[in-house]
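So this block is data.txt, compact mmCIF, C-alpha atoms:
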```txt
# COMPACT_ATOMS: atom_id res chain seq x y z
CA MET A 268 1.85 -30.88 -21.53
CA GLN A 269 2.83 -30.03 -25.11
CA LYS A 270 0.16 -27.32 -25.10
CA LEU A 271 1.08 -25.92 -21.67
CA ASP A 272 2.79 -22.53 -21.58
CA LEU A 273 3.94 -21.74 -18.03
CA ASN A 274 3.35 -18.04 -18.72
CA LEU A 275 -0.35 -18.93 -18.66
CA LEU A 276 -0.07 -19.41 -14.91
CA HIS A 277 0.40 -15.65 -14.45
CA ALA A 278 -2.63 -14.96 -16.63
CA LEU A 279 -4.68 -17.54 -14.74
CA SER A 280 -3.69 -16.04 -11.39
CA ALA A 281 -4.69 -12.52 -12.50
CA LEU A 282 -8.01 -13.73 -13.95
CA LEU A 283 -8.94 -15.68 -10.82
CA GLN A 284 -8.01 -12.77 -8.54
CA GLU A 285 -9.79 -10.09 -10.57
CA GLY A 286 -12.77 -11.97 -12.00
CA SER A 287 -12.57 -9.67 -15.02
CA VAL A 288 -10.65 -9.80 -18.30
CA VAL A 289 -10.19 -6.02 -18.33
CA ALA A 290 -8.97 -5.83 -14.72
CA ALA A 291 -6.69 -8.84 -15.22
CA SER A 292 -5.16 -7.23 -18.31
CA ARG A 293 -4.35 -4.10 -16.30
CA ARG A 294 -2.61 -6.21 -13.66
CA LEU A 295 -0.67 -8.13 -16.31
CA GLY A 296 0.20 -5.06 -18.33
CA ILE A 297 -1.21 -6.51 -21.57
CA THR A 298 -4.25 -5.79 -23.74
CA PRO A 299 -7.72 -7.24 -22.94
CA SER A 300 -7.66 -9.13 -26.26
CA ALA A 301 -4.38 -10.82 -25.28
CA THR A 302 -5.90 -11.74 -21.90
CA SER A 303 -8.98 -13.16 -23.64
CA ARG A 304 -6.74 -15.31 -25.84
CA ALA A 305 -4.89 -16.53 -22.73
CA LEU A 306 -8.23 -17.47 -21.13
CA ALA A 307 -9.23 -19.38 -24.27
CA ARG A 308 -5.95 -21.31 -24.17
CA LEU A 309 -6.43 -22.05 -20.47
CA ARG A 310 -9.89 -23.42 -21.16
CA ASP A 311 -8.44 -25.61 -23.90
CA VAL A 312 -5.64 -26.91 -21.65
CA THR A 313 -7.84 -27.61 -18.61
CA GLY A 314 -10.98 -28.71 -20.45
CA ASP A 315 -12.96 -26.47 -18.11
CA PRO A 316 -14.67 -23.06 -18.65
CA LEU A 317 -12.86 -21.76 -15.54
CA LEU A 318 -14.67 -18.39 -15.53
CA VAL A 319 -18.32 -18.09 -16.49
CA ARG A 320 -20.18 -14.86 -17.20
CA ALA A 321 -22.64 -13.77 -14.51
CA GLY A 322 -24.14 -10.37 -15.21
CA ARG A 323 -21.31 -7.97 -15.95
CA GLY A 324 -18.66 -10.07 -14.24
CA LEU A 325 -17.13 -13.53 -14.33
CA VAL A 326 -17.53 -16.16 -11.63
CA PRO A 327 -15.20 -19.15 -11.14
CA SER A 328 -16.25 -22.68 -11.90
CA PRO A 329 -15.79 -25.29 -9.12
CA ARG A 330 -12.55 -26.38 -10.85
CA ALA A 331 -11.32 -22.77 -10.94
CA ALA A 332 -12.11 -22.31 -7.24
CA GLN A 333 -9.99 -25.35 -6.48
CA ILE A 334 -7.15 -24.12 -8.69
CA LYS A 335 -7.24 -20.67 -7.05
CA GLN A 336 -6.37 -22.21 -3.66
CA GLN A 337 -3.45 -24.22 -5.04
CA LEU A 338 -2.07 -21.79 -7.62
CA PRO A 339 0.10 -19.53 -5.37
CA ARG A 340 2.01 -22.52 -4.01
CA VAL A 341 2.42 -24.05 -7.48
CA MET A 342 3.70 -20.76 -8.95
CA ASP A 343 6.21 -20.39 -6.13
CA GLU A 344 7.43 -23.97 -6.61
CA VAL A 345 7.73 -23.55 -10.39
CA GLY A 346 9.56 -20.26 -9.90
CA ALA A 347 11.96 -21.84 -7.43
CA LEU A 348 12.50 -24.85 -9.72
CA LEU A 349 13.03 -22.97 -12.97
CA GLY A 350 14.16 -19.59 -11.66
CA PRO A 351 17.72 -18.28 -11.57
CA GLY A 352 18.82 -19.75 -8.21
CA SER A 353 21.18 -17.55 -6.25
CA SER A 354 22.24 -15.40 -9.22
CA LEU A 355 19.76 -12.80 -10.38
CA ASP A 356 20.01 -10.97 -13.69
CA LEU A 357 17.95 -7.87 -13.00
CA THR A 358 18.28 -6.62 -16.57
CA ALA A 359 16.47 -9.77 -17.78
CA LEU A 360 14.01 -10.10 -14.88
CA GLU A 361 10.43 -9.67 -16.13
CA ARG A 362 7.95 -9.60 -13.28
CA VAL A 363 5.00 -7.61 -11.93
CA PHE A 364 5.25 -6.91 -8.20
CA ALA A 365 2.15 -5.95 -6.21
CA ILE A 366 2.43 -3.67 -3.15
CA ARG A 367 -0.68 -3.35 -0.98
CA CYS A 368 -0.81 -0.05 0.88
CA ARG A 369 -3.03 2.63 2.38
CA GLU A 370 -3.90 5.79 0.51
CA GLY A 371 -1.00 8.23 0.39
CA PHE A 372 1.84 5.70 0.23
CA ALA A 373 1.72 5.30 -3.55
CA GLU A 374 1.36 9.06 -4.04
CA THR A 375 4.30 9.77 -1.72
CA PHE A 376 6.72 6.96 -2.51
CA GLY A 377 5.37 5.51 -5.77
CA PRO A 378 7.34 7.75 -8.17
CA LEU A 379 10.57 7.09 -6.28
CA LEU A 380 9.99 3.32 -6.20
CA ILE A 381 9.04 3.15 -9.88
CA GLU A 382 12.22 5.03 -10.79
CA ALA A 383 14.40 2.86 -8.53
CA VAL A 384 12.95 -0.39 -9.90
CA ALA A 385 13.20 0.74 -13.53
CA LYS A 386 16.83 1.77 -13.05
CA GLU A 387 17.92 -1.75 -12.05
CA ALA A 388 15.22 -3.97 -13.58
CA PRO A 389 13.72 -2.18 -16.60
CA LEU A 390 11.39 -5.08 -17.48
CA CYS A 391 9.74 -5.14 -14.03
CA ARG A 392 6.60 -3.25 -13.09
CA LEU A 393 4.93 -2.24 -9.84
CA THR A 394 1.24 -2.49 -9.02
CA PHE A 395 -0.11 -0.61 -6.00
CA LEU A 396 -3.18 -2.33 -4.52
CA GLN A 397 -5.68 -0.54 -2.31
CA LYS A 398 -5.63 -1.66 1.30
CA THR A 399 -9.02 -1.64 3.00
CA ASP A 400 -8.34 -3.81 6.06
CA LYS A 401 -5.55 -5.26 8.17
CA SER A 402 -5.95 -8.86 7.01
CA SER A 403 -2.79 -10.50 5.69
CA SER A 404 -4.74 -12.86 3.39
CA MET A 405 -3.41 -11.24 0.20
CA LEU A 406 0.15 -11.97 1.32
CA ARG A 407 -0.82 -15.57 2.01
CA ASP A 408 -2.56 -16.22 -1.31
CA GLY A 409 0.16 -14.50 -3.34
CA SER A 410 -1.95 -11.68 -4.78
CA ALA A 411 0.31 -9.16 -2.97
CA ASP A 412 4.09 -9.39 -2.73
CA LEU A 413 4.51 -6.69 -0.08
CA GLU A 414 2.29 -4.73 2.26
CA THR A 415 2.72 -1.66 4.44
CA ALA A 416 1.09 -1.63 7.85
CA VAL A 417 1.14 -0.63 11.48
CA LEU A 418 1.80 -3.94 13.22
CA SER A 419 -1.17 -5.38 15.11
CA ASP A 420 -2.58 -8.73 16.22
CA ARG A 421 -4.75 -8.82 13.08
CA ILE A 422 -1.67 -9.59 11.01
CA GLY A 423 -0.84 -13.29 10.68
CA PRO A 424 1.83 -14.46 13.14
CA GLU A 425 3.90 -16.00 10.34
CA VAL A 426 4.23 -12.73 8.40
CA ARG A 427 7.72 -11.20 8.30
CA GLY A 428 8.31 -7.46 8.73
CA ARG A 429 10.87 -4.67 8.55
CA ARG A 430 10.57 -1.17 9.98
CA LEU A 431 10.28 1.62 7.41
CA PHE A 432 9.68 4.87 9.31
CA GLU A 433 8.02 6.48 12.28
CA ASP A 434 5.09 8.76 11.54
CA ARG A 435 2.78 11.05 13.50
CA TYR A 436 -0.52 12.76 12.91
CA VAL A 437 -0.59 16.40 11.77
CA ALA A 438 -3.34 18.93 11.13
CA VAL A 439 -4.14 19.72 7.50
CA LEU A 440 -5.74 23.04 6.55
CA SER A 441 -6.51 24.82 3.29
CA SER A 442 -3.71 27.09 2.09
CA GLY A 443 -5.74 30.23 2.82
CA HIS A 444 -7.21 29.03 6.11
CA PRO A 445 -7.67 31.77 8.74
CA ALA A 446 -5.79 29.62 11.29
CA ALA A 447 -2.90 28.74 8.96
CA THR A 448 -0.74 31.74 9.85
CA GLN A 449 -0.33 30.92 13.54
CA PRO A 450 0.15 27.86 15.74
CA LEU A 451 -3.04 25.83 15.87
CA ASP A 452 -4.90 25.73 19.19
CA ALA A 453 -7.56 23.36 20.47
CA ASP A 454 -10.29 26.01 20.15
CA ALA A 455 -9.81 26.04 16.36
CA PHE A 456 -11.41 22.61 16.13
CA GLY A 457 -14.58 24.10 17.61
CA ARG A 458 -14.50 27.32 15.57
CA PHE A 459 -13.92 25.73 12.19
CA GLY A 460 -14.94 22.10 12.66
CA TYR A 461 -12.95 19.05 11.72
CA VAL A 462 -13.13 15.91 9.60
CA GLY A 463 -13.42 12.55 11.33
CA LEU A 464 -12.24 9.23 9.96
CA TYR A 465 -14.22 6.01 9.94
CA ARG A 466 -12.57 2.66 9.48
CA GLU A 467 -13.84 -0.72 10.53
CA GLU A 468 -10.73 -1.40 12.62
CA MET A 469 -11.02 2.01 14.37
CA GLU A 470 -7.23 2.18 14.29
CA GLU A 471 -7.25 5.96 14.79
CA HIS A 472 -9.04 5.79 18.15
CA PHE A 473 -5.90 7.06 19.90
CA VAL A 474 -6.31 10.38 18.07
CA ALA A 475 -9.88 10.69 19.35
CA ASN A 476 -8.68 9.89 22.87
CA ALA A 477 -5.97 12.55 22.61
CA MET A 478 -8.58 15.10 21.49
CA LEU A 479 -10.78 14.30 24.47
CA GLN A 480 -7.85 14.73 26.84
CA ALA A 481 -7.21 18.13 25.26
CA GLY A 482 -10.82 19.16 25.94
CA ILE A 483 -12.07 18.82 22.36
CA GLU A 484 -15.42 17.11 22.84
CA GLN A 485 -17.51 18.19 19.83
CA ALA A 486 -18.32 15.69 17.11
CA PRO A 487 -16.74 15.97 13.67
CA CYS A 488 -18.59 17.94 11.00
CA ALA A 489 -18.01 15.17 8.48
CA ILE A 490 -16.82 11.57 8.58
CA VAL A 491 -14.96 10.02 5.64
CA ALA A 492 -13.48 6.62 4.88
CA ASN A 493 -9.84 7.56 4.34
CA HIS A 494 -7.16 10.21 4.68
CA ALA A 495 -7.28 11.16 1.01
CA ALA A 496 -10.92 12.21 1.33
CA ALA A 497 -10.21 14.05 4.61
CA ILE A 498 -7.38 16.06 3.03
CA ALA A 499 -9.54 16.82 -0.04
CA LEU A 500 -12.30 18.23 2.19
CA ALA A 501 -9.82 20.35 4.13
CA ARG A 502 -8.28 21.67 0.90
CA GLN A 503 -11.64 23.05 -0.26
CA SER A 504 -13.13 24.27 3.03
CA GLU A 505 -12.22 25.62 6.47
CA LEU A 506 -12.55 22.20 8.07
CA ILE A 507 -9.46 20.76 9.76
CA ALA A 508 -8.31 17.30 8.74
CA MET A 509 -5.87 15.02 10.55
CA ALA A 510 -3.57 12.62 8.72
CA PRO A 511 -0.15 10.92 9.05
CA GLY A 512 2.35 13.58 8.05
CA ILE A 513 4.89 11.42 6.18
CA HIS A 514 2.59 8.73 4.81
CA THR A 515 0.30 11.25 3.07
CA ARG A 516 2.96 13.72 1.94
CA GLY A 517 2.08 13.01 -1.69
CA LEU A 518 -1.53 14.12 -1.03
CA GLN A 519 -0.63 17.43 0.59
CA ALA A 520 -0.40 19.70 -2.47
CA GLY A 521 -2.34 22.92 -1.96
CA VAL A 522 -2.73 22.60 1.81
CA THR A 523 -0.97 23.82 4.93
CA VAL A 524 0.33 21.28 7.44
CA SER A 525 0.52 22.20 11.12
CA ASP A 526 1.36 20.49 14.39
CA LEU A 527 -1.63 19.28 16.37
CA PRO A 528 -2.42 21.23 19.56
CA PHE A 529 -2.48 17.98 21.53
CA GLU A 530 -0.19 14.99 21.95
CA ALA A 531 -0.99 12.15 19.56
CA PRO A 532 1.50 9.29 19.96
CA PRO A 533 3.74 8.42 16.99
CA PHE A 534 3.48 5.06 15.27
CA THR A 535 5.71 2.92 13.07
CA ILE A 536 5.00 1.93 9.47
CA SER A 537 6.48 -1.48 8.59
CA LEU A 538 6.97 -3.47 5.39
CA LEU A 539 5.43 -6.97 5.48
CA TRP A 540 5.84 -10.10 3.36
CA HIS A 541 5.02 -13.80 3.57
CA PRO A 542 7.84 -16.17 4.63
CA ARG A 543 7.42 -18.35 1.54
CA LEU A 544 9.07 -15.49 -0.40
CA GLU A 545 11.84 -14.94 2.14
CA ALA A 546 14.56 -16.60 0.06
CA ASP A 547 13.30 -15.67 -3.41
CA PRO A 548 16.14 -13.61 -4.98
CA ALA A 549 13.82 -11.27 -6.89
CA HIS A 550 11.64 -10.64 -3.87
CA ARG A 551 14.69 -10.12 -1.69
CA TRP A 552 15.92 -7.50 -4.16
CA LEU A 553 12.51 -5.79 -4.22
CA ARG A 554 12.44 -5.60 -0.42
CA SER A 555 15.85 -3.95 -0.38
CA VAL A 556 14.74 -1.40 -3.00
CA VAL A 557 11.64 -0.47 -1.01
CA VAL A 558 13.48 -0.26 2.31
CA ASP A 559 16.41 1.75 0.91
CA THR A 560 14.19 4.12 -1.07
CA VAL A 561 11.64 4.83 1.68
CA THR A 562 14.09 5.08 4.57
CA GLY A 563 16.48 7.20 2.49
CA TRP A 564 13.70 9.67 1.61
CA THR A 565 12.42 9.94 5.17
CA ARG A 566 15.96 10.39 6.52
CA GLN A 567 16.66 13.25 4.10
CA ARG A 568 13.34 14.88 4.94
CA HIS A 569 14.04 14.62 8.66
CA LEU A 570 17.48 16.21 8.27
CA GLY A 571 15.99 18.99 6.17
CA GLU A 572 13.42 19.79 8.86
CA ILE A 573 16.13 19.94 11.53
CA GLN A 574 18.22 22.34 9.44
CA GLN A 575 15.22 24.59 8.81
CA SER A 576 13.98 24.67 12.43
CA PRO A 577 14.51 27.95 14.39
CA GLU A 578 15.91 26.02 17.36
CA ARG A 579 18.58 24.52 15.11
CA SER A 580 19.54 27.87 13.58
CA ASN A 581 19.87 29.56 16.99
CA ARG A 582 22.37 27.05 18.29
```
Kindly present the structure from the file in structure tokens form.
Amino acid sequence: MQKLDLNLLHALSALLQEGSVVAASRRLGITPSATSRALARLRDVTGDPLLVRAGRGLVPSPRAAQIKQQLPRVMDEVGALLGPGSSLDLTALERVFAIRCREGFAETFGPLLIEAVAKEAPLCRLTFLQKTDKSSSMLRDGSADLETAVLSDRIGPEVRGRRLFEDRYVAVLSSGHPAATQPLDADAFGRFGYVGLYREEMEEHFVANAMLQAGIEQAPCAIVANHAAAIALARQSELIAMAPGIHTRGLQAGVTVSDLPFEAPPFTISLLWHPRLEADPAHRWLRSVVVDTVTGWTRQRHLGEIQQSPERSNR
């Protein structure tokens, strides 16, 4: 125990999650050489190699695999035992928070969240993790502190949530698109073609159903994996992309956004977290920052749209 530095637990967690010294150093916000020294100390403390080179990557030893399962709980218990109870000194809080989200969220809200966190807790940092599925496993194992999602039965029943905003799909066209100067009609999807979206969960099937009901039966000209790629294709061609209007606002530079010519139902984006962090003062503060920042931005944007609308000005 004389050789044990509790800060090594954070390094161990990052190394086990990433399986790479370089990737773990990025998550920790330190240099690769410092991460390598932490790994050497961990090997000395545990008497185990922990991570063994296999090709270009590192694979966990059996001992490391066992530690990986227990580590999130141990870190939470140590944090609760040694942490600052009910009082929280944000100016002294030094922590890296991970937010797992779909493409567009970090681009839209990331700058605002980074600024809000730095203003109150200058030693804290945010990491935005790519979200590729609806599983809540990263909340369970502690590799993500928060997650944004449309609620579904694929999310663990124990996960807690808070509504952030309601979003809807819009059409995205290049800035000089021939159809950008007038309201978009259903025939435009046939004249210019459109970009389809493929995801394993097929969560956007309601958009395809709405297109069929509007009489748009032709197949997409291209299929991509995410909204960022769909918007990029639309920006550089005459293809029409479809994406959540608010969620991808940060990706919409250089394009024109238009209402869809058919009814696609709105949906709600929520903030999720695991109940083991419910009472953690630092996590509770982070949740309030995210909720206040995101809802405040969307509320201001909504009011601005109302004030700019012709119907509003004619009243």
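Point (8.7, -3.6, -1.6) has the following residues at most 8 Å away: Ile366, Asp412, Leu413, Glu414, Leu538, His550, Leu553, Arg554, Ser555, Val556, Val557 and Val558 of chain A (atoms considered: all atoms listed in the file).
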What would the file look like if the residues just selected were written as a CSV table (one decimal), in the coordinates of the input with C-alpha atoms?
```csv
chain,number,residue,atom,x,y,z
A,366,ILE,CA,2.4,-3.7,-3.2
A,412,ASP,CA,4.1,-9.4,-2.7
A,413,LEU,CA,4.5,-6.7,-0.1
A,414,GLU,CA,2.3,-4.7,2.3
A,538,LEU,CA,7.0,-3.5,5.4
A,550,HIS,CA,11.6,-10.6,-3.9
A,553,LEU,CA,12.5,-5.8,-4.2
A,554,ARG,CA,12.4,-5.6,-0.4
A,555,SER,CA,15.8,-4.0,-0.4
A,556,VAL,CA,14.7,-1.4,-3.0
A,557,VAL,CA,11.6,-0.5,-1.0
A,558,VAL,CA,13.5,-0.3,2.3
```
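Using only C-alpha atoms for every distance, the candidate list A:Ala416, A:Ala332, A:Gly371, A:Thr535 yields A:Gly371 as the residue closest to Asn493 of chain A.
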Check which residues of segment 467-549 of chain A sit at most 9 Å from segment 372-388 of chain A using only C-alpha atoms, and return one row each with the closest pair of atoms and their distance in Å to one decimal, ordered by chain and rising number, as a Markdown table.
```
| residue | atom | partner | partner_atom | distance |
| --- | --- | --- | --- | --- |
| A:Ile513 | CA | A:Thr375 | CA | 8.1 |
| A:His514 | CA | A:Phe372 | CA | 5.5 |
| A:Thr515 | CA | A:Thr375 | CA | 6.4 |
| A:Arg516 | CA | A:Thr375 | CA | 5.5 |
| A:Gly517 | CA | A:Thr375 | CA | 3.9 |
| A:Leu518 | CA | A:Glu374 | CA | 6.6 |
```
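Interatomic distance, atom CA of Arg430 of chain A against atom CA of Ser410 of chain A: 22.0 Å.
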Please provide as a ChimeraX atom specification all residues within 10 Å of Thr302 of chain A, with the sequence filter that same-chain residues fewer than 5 positions apart are discarded (counting only C-alpha atoms). /A:275,278-279,281-282,287-293,295-297,307-308
Keeping only C-alpha atoms, write the selected residues to a file as a compact mmCIF listing (two decimals), in the frame of the given file.
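selection00.txt, freshly written:
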```txt
# COMPACT_ATOMS: atom_id res chain seq x y z
CA LEU A 275 -0.35 -18.93 -18.66
CA ALA A 278 -2.63 -14.96 -16.63
CA LEU A 279 -4.68 -17.54 -14.74
CA ALA A 281 -4.69 -12.52 -12.50
CA LEU A 282 -8.01 -13.73 -13.95
CA SER A 287 -12.57 -9.67 -15.02
CA VAL A 288 -10.65 -9.80 -18.30
CA VAL A 289 -10.19 -6.02 -18.33
CA ALA A 290 -8.97 -5.83 -14.72
CA ALA A 291 -6.69 -8.84 -15.22
CA SER A 292 -5.16 -7.23 -18.31
CA ARG A 293 -4.35 -4.10 -16.30
CA LEU A 295 -0.67 -8.13 -16.31
CA GLY A 296 0.20 -5.06 -18.33
CA ILE A 297 -1.21 -6.51 -21.57
CA ALA A 307 -9.23 -19.38 -24.27
CA ARG A 308 -5.95 -21.31 -24.17
```
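As for atom CA of Ala359 of chain A and atom CA of Ile334 of chain A, they are spaced 29.1 Å apart.
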Would you work out the distance separating atom CA of Met342 of chain A from atom CA of Leu273 of chain A, expressed in Å to one decimal? 9.1 Å
